[in-house]
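Enquirer: Input file: input10.txt. Contents: compact mmCIF, N, CA and C atoms and all ligand atoms.
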```
# COMPACT_ATOMS: atom_id res chain seq x y z
N MET A 1 10.62 25.40 28.68
CA MET A 1 11.45 26.12 27.70
C MET A 1 10.57 27.10 26.93
N SER A 2 10.66 28.37 27.26
CA SER A 2 9.85 29.36 26.55
C SER A 2 10.57 29.79 25.29
N ARG A 3 9.83 30.05 24.21
CA ARG A 3 10.46 30.35 22.93
C ARG A 3 11.25 31.66 22.98
N SER A 4 10.87 32.57 23.86
CA SER A 4 11.59 33.84 23.93
C SER A 4 13.01 33.67 24.43
N HIS A 5 13.32 32.51 25.05
CA HIS A 5 14.67 32.26 25.53
C HIS A 5 15.53 31.58 24.49
N MET A 6 14.95 31.22 23.33
CA MET A 6 15.74 30.57 22.28
C MET A 6 16.26 31.60 21.30
N PRO A 7 17.50 31.41 20.83
CA PRO A 7 17.96 32.27 19.73
C PRO A 7 17.08 32.00 18.51
N PRO A 8 16.90 32.98 17.62
CA PRO A 8 15.98 32.82 16.48
C PRO A 8 16.26 31.58 15.65
N LEU A 9 17.54 31.28 15.37
CA LEU A 9 17.84 30.11 14.53
C LEU A 9 17.39 28.83 15.22
N VAL A 10 17.66 28.74 16.51
CA VAL A 10 17.26 27.54 17.26
C VAL A 10 15.74 27.41 17.26
N HIS A 11 15.07 28.55 17.41
CA HIS A 11 13.61 28.51 17.40
C HIS A 11 13.09 28.03 16.05
N ARG A 12 13.72 28.48 14.96
CA ARG A 12 13.31 28.06 13.62
C ARG A 12 13.54 26.56 13.43
N LEU A 13 14.67 26.07 13.89
CA LEU A 13 14.96 24.63 13.77
C LEU A 13 13.96 23.83 14.59
N TYR A 14 13.60 24.36 15.74
CA TYR A 14 12.64 23.69 16.64
C TYR A 14 11.29 23.57 15.94
N VAL A 15 10.83 24.68 15.33
CA VAL A 15 9.55 24.67 14.62
C VAL A 15 9.63 23.71 13.43
N PHE A 16 10.75 23.79 12.68
CA PHE A 16 10.91 22.92 11.51
C PHE A 16 10.86 21.44 11.92
N GLY A 17 11.56 21.12 13.02
CA GLY A 17 11.57 19.74 13.50
C GLY A 17 10.18 19.28 13.91
N ALA A 18 9.43 20.14 14.57
CA ALA A 18 8.08 19.78 15.00
C ALA A 18 7.19 19.52 13.79
N ILE A 19 7.31 20.37 12.75
CA ILE A 19 6.51 20.18 11.54
C ILE A 19 6.92 18.89 10.84
N ALA A 20 8.23 18.63 10.76
CA ALA A 20 8.72 17.41 10.10
C ALA A 20 8.16 16.17 10.78
N ILE A 21 8.15 16.16 12.10
CA ILE A 21 7.62 15.02 12.85
C ILE A 21 6.13 14.86 12.58
N ALA A 22 5.39 15.98 12.59
CA ALA A 22 3.95 15.92 12.34
C ALA A 22 3.67 15.35 10.95
N VAL A 23 4.41 15.82 9.94
CA VAL A 23 4.21 15.33 8.56
C VAL A 23 4.53 13.85 8.49
N PHE A 24 5.62 13.43 9.13
CA PHE A 24 6.01 12.02 9.11
C PHE A 24 4.92 11.15 9.74
N VAL A 25 4.40 11.58 10.87
CA VAL A 25 3.35 10.80 11.55
C VAL A 25 2.11 10.70 10.68
N LEU A 26 1.73 11.82 10.02
CA LEU A 26 0.56 11.80 9.15
C LEU A 26 0.74 10.84 7.98
N ILE A 27 1.92 10.85 7.36
CA ILE A 27 2.19 9.96 6.23
C ILE A 27 2.16 8.51 6.69
N ALA A 28 2.80 8.22 7.82
CA ALA A 28 2.81 6.85 8.34
C ALA A 28 1.39 6.38 8.63
N TRP A 29 0.59 7.27 9.18
CA TRP A 29 -0.81 6.94 9.48
C TRP A 29 -1.57 6.65 8.19
N ALA A 30 -1.37 7.48 7.17
CA ALA A 30 -2.08 7.31 5.89
C ALA A 30 -1.69 5.99 5.23
N VAL A 31 -0.39 5.68 5.21
CA VAL A 31 0.07 4.44 4.58
C VAL A 31 -0.51 3.23 5.32
N THR A 32 -0.53 3.29 6.64
CA THR A 32 -1.09 2.19 7.42
C THR A 32 -2.58 2.04 7.14
N ALA A 33 -3.31 3.16 7.08
CA ALA A 33 -4.75 3.10 6.82
C ALA A 33 -5.03 2.46 5.46
N VAL A 34 -4.28 2.86 4.43
CA VAL A 34 -4.48 2.30 3.10
C VAL A 34 -4.13 0.81 3.08
N SER A 35 -3.02 0.44 3.71
CA SER A 35 -2.60 -0.96 3.68
C SER A 35 -3.60 -1.85 4.40
N LEU A 36 -4.24 -1.34 5.45
CA LEU A 36 -5.22 -2.15 6.17
C LEU A 36 -6.53 -2.27 5.40
N SER A 37 -6.82 -1.31 4.50
CA SER A 37 -8.08 -1.34 3.76
C SER A 37 -8.00 -2.26 2.54
N ALA A 38 -6.78 -2.69 2.16
CA ALA A 38 -6.64 -3.55 0.98
C ALA A 38 -7.20 -4.94 1.26
N LYS A 39 -7.73 -5.58 0.20
CA LYS A 39 -8.36 -6.89 0.38
C LYS A 39 -7.35 -7.98 0.69
N THR A 40 -7.80 -8.93 1.51
CA THR A 40 -6.97 -10.07 1.88
C THR A 40 -6.96 -11.07 0.72
N ILE A 41 -5.82 -11.68 0.45
CA ILE A 41 -5.75 -12.67 -0.62
C ILE A 41 -5.44 -14.06 -0.07
N SER A 42 -5.08 -14.15 1.22
CA SER A 42 -4.66 -15.44 1.75
C SER A 42 -5.80 -16.47 1.72
N ASN A 43 -7.06 -16.00 1.64
CA ASN A 43 -8.18 -16.94 1.60
C ASN A 43 -8.58 -17.30 0.17
N LEU A 44 -7.91 -16.72 -0.84
CA LEU A 44 -8.22 -17.03 -2.24
C LEU A 44 -7.42 -18.24 -2.70
N PRO A 45 -8.00 -19.07 -3.59
CA PRO A 45 -7.22 -20.17 -4.14
C PRO A 45 -6.11 -19.65 -5.03
N ASP A 46 -5.04 -20.39 -5.18
CA ASP A 46 -3.82 -20.02 -5.92
C ASP A 46 -3.40 -18.56 -5.77
N HIS A 47 -3.47 -18.04 -4.56
CA HIS A 47 -2.88 -16.73 -4.26
C HIS A 47 -1.83 -16.90 -3.18
N ASP A 48 -0.62 -17.22 -3.64
CA ASP A 48 0.48 -17.43 -2.73
C ASP A 48 1.15 -16.08 -2.47
N ILE A 49 1.35 -15.76 -1.20
CA ILE A 49 1.99 -14.49 -0.83
C ILE A 49 3.38 -14.37 -1.46
N HIS A 50 4.00 -15.54 -1.72
CA HIS A 50 5.38 -15.52 -2.21
C HIS A 50 5.47 -15.34 -3.72
N THR A 51 4.32 -15.23 -4.41
CA THR A 51 4.35 -14.96 -5.84
C THR A 51 5.03 -13.61 -6.09
N ALA A 52 5.87 -13.54 -7.14
CA ALA A 52 6.54 -12.28 -7.46
C ALA A 52 5.51 -11.25 -7.90
N PRO A 53 5.66 -9.99 -7.50
CA PRO A 53 4.72 -8.93 -7.89
C PRO A 53 4.50 -8.87 -9.40
N GLU A 54 5.57 -9.16 -10.19
CA GLU A 54 5.44 -9.13 -11.66
C GLU A 54 4.39 -10.14 -12.12
N GLN A 55 4.36 -11.31 -11.45
CA GLN A 55 3.38 -12.34 -11.83
C GLN A 55 1.97 -11.92 -11.44
N CYS A 56 1.84 -11.30 -10.27
CA CYS A 56 0.53 -10.80 -9.85
C CYS A 56 0.02 -9.82 -10.90
N ILE A 57 0.88 -8.87 -11.28
CA ILE A 57 0.49 -7.82 -12.23
C ILE A 57 0.16 -8.44 -13.58
N ALA A 58 1.04 -9.37 -14.04
CA ALA A 58 0.83 -9.99 -15.36
C ALA A 58 -0.54 -10.63 -15.45
N CYS A 59 -0.91 -11.43 -14.43
CA CYS A 59 -2.20 -12.10 -14.47
C CYS A 59 -3.33 -11.09 -14.33
N HIS A 60 -3.17 -10.09 -13.47
CA HIS A 60 -4.25 -9.14 -13.23
C HIS A 60 -4.42 -8.13 -14.34
N GLN A 61 -3.45 -8.04 -15.26
CA GLN A 61 -3.61 -7.14 -16.40
C GLN A 61 -3.91 -7.91 -17.67
N SER A 62 -4.06 -9.25 -17.55
CA SER A 62 -4.27 -10.08 -18.73
C SER A 62 -5.67 -9.92 -19.31
N GLY A 63 -6.59 -9.29 -18.56
CA GLY A 63 -7.96 -9.09 -19.04
C GLY A 63 -8.82 -10.33 -18.94
N GLU A 64 -8.32 -11.39 -18.28
CA GLU A 64 -9.14 -12.58 -18.06
C GLU A 64 -10.00 -12.35 -16.82
N ASN A 65 -10.37 -13.39 -16.10
CA ASN A 65 -11.32 -13.17 -15.00
C ASN A 65 -10.75 -12.46 -13.77
N ALA A 66 -9.44 -12.20 -13.77
CA ALA A 66 -8.85 -11.48 -12.63
C ALA A 66 -9.26 -10.01 -12.67
N PRO A 67 -9.66 -9.42 -11.55
CA PRO A 67 -10.02 -8.00 -11.55
C PRO A 67 -8.79 -7.13 -11.83
N PRO A 68 -8.92 -6.09 -12.66
CA PRO A 68 -7.76 -5.25 -12.98
C PRO A 68 -7.31 -4.45 -11.77
N LEU A 69 -6.03 -4.06 -11.76
CA LEU A 69 -5.50 -3.25 -10.67
C LEU A 69 -6.18 -1.88 -10.69
N PRO A 70 -6.78 -1.45 -9.57
CA PRO A 70 -7.38 -0.12 -9.53
C PRO A 70 -6.35 0.95 -9.16
N HIS A 71 -5.09 0.53 -9.00
CA HIS A 71 -4.03 1.48 -8.63
C HIS A 71 -2.80 1.22 -9.47
N VAL A 72 -1.78 2.07 -9.35
CA VAL A 72 -0.56 1.89 -10.13
C VAL A 72 0.10 0.57 -9.73
N PRO A 73 0.82 -0.09 -10.65
CA PRO A 73 1.50 -1.34 -10.31
C PRO A 73 2.65 -1.09 -9.34
N LEU A 74 2.38 -1.27 -8.07
CA LEU A 74 3.37 -1.00 -7.03
C LEU A 74 4.44 -2.09 -7.02
N PRO A 75 5.62 -1.79 -6.51
CA PRO A 75 6.73 -2.75 -6.52
C PRO A 75 6.53 -3.92 -5.56
N SER A 76 5.55 -3.85 -4.69
CA SER A 76 5.28 -4.94 -3.75
C SER A 76 3.77 -5.05 -3.58
N CYS A 77 3.28 -6.26 -3.31
CA CYS A 77 1.83 -6.43 -3.13
C CYS A 77 1.50 -6.86 -1.71
N GLY A 78 2.35 -7.73 -1.17
CA GLY A 78 2.06 -8.34 0.12
C GLY A 78 2.05 -7.39 1.29
N TYR A 79 2.64 -6.22 1.12
CA TYR A 79 2.62 -5.24 2.22
C TYR A 79 1.19 -4.88 2.56
N CYS A 80 0.35 -4.79 1.53
CA CYS A 80 -1.06 -4.43 1.76
C CYS A 80 -2.00 -5.63 1.64
N HIS A 81 -1.83 -6.41 0.55
CA HIS A 81 -2.71 -7.57 0.35
C HIS A 81 -2.08 -8.80 0.99
N ARG A 82 -2.57 -9.18 2.15
CA ARG A 82 -2.00 -10.33 2.83
C ARG A 82 -2.91 -11.55 2.73
C1 LIG B 101 -2.90 -16.77 -12.45
C2 LIG B 101 -3.63 -15.54 -12.24
C3 LIG B 101 -3.47 -14.76 -10.95
C4 LIG B 101 -2.32 -14.49 -10.24
C5 LIG B 101 -0.88 -14.91 -10.53
C6 LIG B 101 -2.72 -13.64 -9.13
N1 LIG B 101 -4.07 -13.43 -9.15
FE1 LIG B 101 -5.14 -12.22 -7.90
N2 LIG B 101 -6.89 -12.87 -8.70
C7 LIG B 101 -6.99 -13.72 -9.80
C8 LIG B 101 -8.40 -14.03 -10.03
C9 LIG B 101 -8.95 -14.92 -11.13
C10 LIG B 101 -9.13 -13.33 -9.03
C11 LIG B 101 -10.62 -13.33 -8.77
C12 LIG B 101 -10.84 -14.49 -7.78
C13 LIG B 101 -12.16 -14.45 -7.11
O1 LIG B 101 -12.78 -13.39 -6.99
O2 LIG B 101 -12.56 -15.56 -6.65
C14 LIG B 101 -8.15 -12.60 -8.23
C15 LIG B 101 -8.47 -11.75 -7.14
C16 LIG B 101 -7.55 -10.92 -6.52
C17 LIG B 101 -7.89 -9.85 -5.58
C18 LIG B 101 -9.29 -9.44 -5.16
C19 LIG B 101 -9.68 -10.26 -3.97
C20 LIG B 101 -11.13 -10.03 -3.58
O3 LIG B 101 -11.44 -10.34 -2.42
O4 LIG B 101 -11.92 -9.57 -4.40
C21 LIG B 101 -6.71 -9.30 -5.17
C22 LIG B 101 -6.53 -8.15 -4.20
C23 LIG B 101 -5.64 -10.02 -5.83
N3 LIG B 101 -6.19 -11.00 -6.64
C24 LIG B 101 -4.29 -9.76 -5.66
C25 LIG B 101 -3.27 -10.57 -6.15
C26 LIG B 101 -1.90 -10.51 -5.69
C27 LIG B 101 -1.35 -9.53 -4.68
C28 LIG B 101 -1.21 -11.47 -6.39
C29 LIG B 101 0.25 -11.88 -6.24
C30 LIG B 101 0.64 -12.35 -4.90
C31 LIG B 101 -2.16 -12.12 -7.29
N4 LIG B 101 -3.39 -11.55 -7.10
C32 LIG B 101 -1.83 -13.11 -8.18
C33 LIG B 101 -5.94 -14.19 -10.56
C34 LIG B 101 -4.58 -14.12 -10.23
C1 LIG B 102 -0.13 0.56 -0.49
C2 LIG B 102 -1.02 -0.59 -0.38
C3 LIG B 102 -1.21 -1.48 -1.62
C4 LIG B 102 -0.24 -2.16 -2.30
C5 LIG B 102 1.27 -2.18 -2.04
C6 LIG B 102 -0.92 -2.90 -3.36
N1 LIG B 102 -2.26 -2.65 -3.27
FE1 LIG B 102 -3.72 -3.48 -4.46
N2 LIG B 102 -5.13 -2.38 -3.50
C7 LIG B 102 -4.93 -1.55 -2.42
C8 LIG B 102 -6.20 -0.94 -2.03
C9 LIG B 102 -6.39 0.03 -0.86
C10 LIG B 102 -7.17 -1.45 -2.93
C11 LIG B 102 -8.67 -1.09 -2.95
C12 LIG B 102 -9.37 -2.00 -1.99
C13 LIG B 102 -9.40 -3.35 -2.55
O1 LIG B 102 -10.12 -3.57 -3.52
O2 LIG B 102 -8.68 -4.22 -2.03
C14 LIG B 102 -6.48 -2.35 -3.84
C15 LIG B 102 -7.10 -3.08 -4.85
C16 LIG B 102 -6.47 -4.04 -5.63
C17 LIG B 102 -7.14 -4.91 -6.59
C18 LIG B 102 -8.64 -4.89 -6.95
C19 LIG B 102 -9.38 -5.85 -6.08
C20 LIG B 102 -10.81 -5.96 -6.54
O3 LIG B 102 -11.56 -6.69 -5.89
O4 LIG B 102 -11.19 -5.34 -7.54
C21 LIG B 102 -6.20 -5.71 -7.16
C22 LIG B 102 -6.40 -6.76 -8.23
C23 LIG B 102 -4.94 -5.36 -6.55
N3 LIG B 102 -5.13 -4.34 -5.63
C24 LIG B 102 -3.74 -5.96 -6.85
C25 LIG B 102 -2.51 -5.56 -6.36
C26 LIG B 102 -1.24 -6.10 -6.83
C27 LIG B 102 -1.09 -7.16 -7.92
C28 LIG B 102 -0.27 -5.46 -6.12
C29 LIG B 102 1.27 -5.62 -6.29
C30 LIG B 102 1.76 -5.32 -7.64
C31 LIG B 102 -0.92 -4.52 -5.20
N4 LIG B 102 -2.27 -4.61 -5.39
C32 LIG B 102 -0.27 -3.71 -4.29
C33 LIG B 102 -3.72 -1.31 -1.80
C34 LIG B 102 -2.49 -1.80 -2.23
```
Could you write out this file's structure as C-alpha cells?
Ligand code: HEC
Ligand code: HEC

Expert:
Amino acid sequence: MSRSHMPPLVHRLYVFGAIAIAVFVLIAWAVTAVSLSAKTISNLPDHDIHTAPEQCIACHQSGENAPPLPHVPLPSCGYCHR
C-alpha cells in the first residue's frame, strides 16, 4: 500500500494511528520498567500484599523507622511492590 494511493484524509489517519500506537507502546514499556524496578516487599516481615494502600502510606509517612515514600502516594502499591 503506497501512500500516494491513499486519499489525504486516510493518509493522515494512518499516520495518526501509527503515532498513537508508538506512544502507547512507549508508555506501556515505561510503566513496566518502573514497576519492575520497585523493591520487593514479600520478603519483609509484616508486609502483607493485602494491606490497604492507605495503611502503607500512613505507616510510611509516620516518620518512624519506615523509609518515606520517594514518590507521590499512588492509589495502589502492589502493582509495583510485590
Ligand atoms: C506498620 C508499619 C508499616 C506498614 C503498614 C507498611 N510498611 Fe513498608 N516498611 C516499614 C518498615 C519499618 C520498613 C523498613 C524495614 C526494613 O528495612 O527492614 C519498611 C520497608 C518498606 C519498603 C522498602 C523495602 C526495602 O527493601 O528497602 C517498601 C518498598 C515498603 N516498605 C512498602 C510498603 C507497602 C507497599 C506497604 C503496604 C502493602 C507497606 N510498606 C506497609 C513499615 C511499614
Ligand atoms: C508505578 C510503580 C510504583 C507504585 C504503584 C508504587 N511504588 Fe513505591 N517505589 C517505586 C519505585 C520505582 C521506587 C524506587 C525504587 C525502590 O526504592 O523501590 C519506589 C520506592 C518506594 C519506597 C522507598 C523504599 C526505600 O527503600 O527507600 C517506599 C517506602 C515505597 N515505594 C512505598 C510505596 C507505597 C506505600 C505505595 C502505595 C501507596 C507505592 N510505593 C506504590 C514504584 C512504585

Enquirer: Compile a residue-level contact table for chain A against ligand LIG 101 (chain B) at a cut-off of 8 Å, reporting for every qualifying residue the shortest atom pair and its distance in Å to one decimal, with only N, CA and C atoms and all ligand atoms counted, rows ordered by chain and ascending number, as a tab-separated table.

Expert:
```
residue	atom	partner	partner_atom	distance
A:Ala38	C	B:LIG101	C22	6.4
A:Lys39	C	B:LIG101	C22	5.0
A:Thr40	C	B:LIG101	C19	5.5
A:Ile41	CA	B:LIG101	C19	5.7
A:Ser42	N	B:LIG101	C19	8.0
A:Asn43	C	B:LIG101	O3	8.0
A:Leu44	CA	B:LIG101	O2	6.4
A:Pro45	N	B:LIG101	O2	6.5
A:Asp46	C	B:LIG101	C6	6.0
A:His47	CA	B:LIG101	C32	5.4
A:Asp48	C	B:LIG101	C30	4.5
A:Ile49	CA	B:LIG101	C30	4.8
A:His50	N	B:LIG101	C30	5.6
A:Thr51	CA	B:LIG101	C30	4.6
A:Ala52	C	B:LIG101	C29	5.6
A:Pro53	CA	B:LIG101	C29	5.6
A:Glu54	N	B:LIG101	C29	7.2
A:Gln55	C	B:LIG101	C5	4.2
A:Cys56	CA	B:LIG101	C32	3.7
A:Ile57	N	B:LIG101	C29	5.9
A:Ala58	C	B:LIG101	C5	6.5
A:Cys59	CA	B:LIG101	C2	4.3
A:His60	N	B:LIG101	C3	5.3
A:Gln61	N	B:LIG101	C34	8.0
A:Glu64	C	B:LIG101	C9	6.3
A:Asn65	C	B:LIG101	C9	4.0
A:Ala66	CA	B:LIG101	C8	3.7
A:Pro67	N	B:LIG101	C10	4.7
A:Pro68	N	B:LIG101	C14	7.9
A:Ser76	C	B:LIG101	C27	6.9
A:Cys77	CA	B:LIG101	C27	4.7
A:Gly78	N	B:LIG101	C27	5.4
A:Tyr79	N	B:LIG101	C27	7.8
A:Cys80	C	B:LIG101	C27	7.5
A:His81	CA	B:LIG101	C27	5.6
A:Arg82	N	B:LIG101	C27	6.9
```

Enquirer: Looking at all atoms listed in the file, which of A:Gly63, A:His5, A:Leu13, A:Val34 is the one that sits closest to ligand LIG 102 (chain B)?

Expert: A:Val34

Enquirer: Which distance in Å separates atom C of Val72 of chain A and atom N of Val23 of chain A, to one decimal?

Expert: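 Atom N of Val23 of chain A lies at a distance of 25.3 Å from atom C of Val72 of chain A.
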
Enquirer: Quick one: pull the distance between atom N1 of ligand LIG 102 (chain B) and atom CA of Leu26 of chain A, Å, one decimal.

Expert: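 Computing the Euclidean distance for atom N1 of ligand LIG 102 (chain B) and atom CA of Leu26 of chain A yields 19.3 Å.
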
Enquirer: Return the single residue from A:Ile27, A:Leu36, A:Ser62, A:Pro8 that is closest to ligand LIG 102 (chain B), with distances computed using all atoms listed in the file.

Expert: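 With all atoms listed in the file as the atom set, the closest residue is A:Leu36.
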
Enquirer: For atom C30 of ligand LIG 102 (chain B) and atom N of His71 of chain A, determine how far apart the two atoms are, in Å to one decimal place.

Expert: 9.1 Å

Enquirer: Per DSSP on the backbone, what are the helix (DSSP H, G or I) residues of chain A, as an MDAnalysis selection string?

Expert: chainID A and resid 3:5 8:37 53:60

Enquirer: May I ask which of the residues A:Ala20, A:Val15, A:Leu74, A:Ala28 is the closest one to ligand LIG 102 (chain B), counting only C-alpha atoms and all ligand atoms?

Expert: A:Leu74

Enquirer: Could you tell me which of A:Leu9, A:Phe16, A:Ala30, A:Ser35 comes closest to ligand LIG 102 (chain B) if we count only C-alpha atoms and all ligand atoms?

Expert: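 The shortest atom-to-atom distance to ligand LIG 102 (chain B) comes from A:Ser35.
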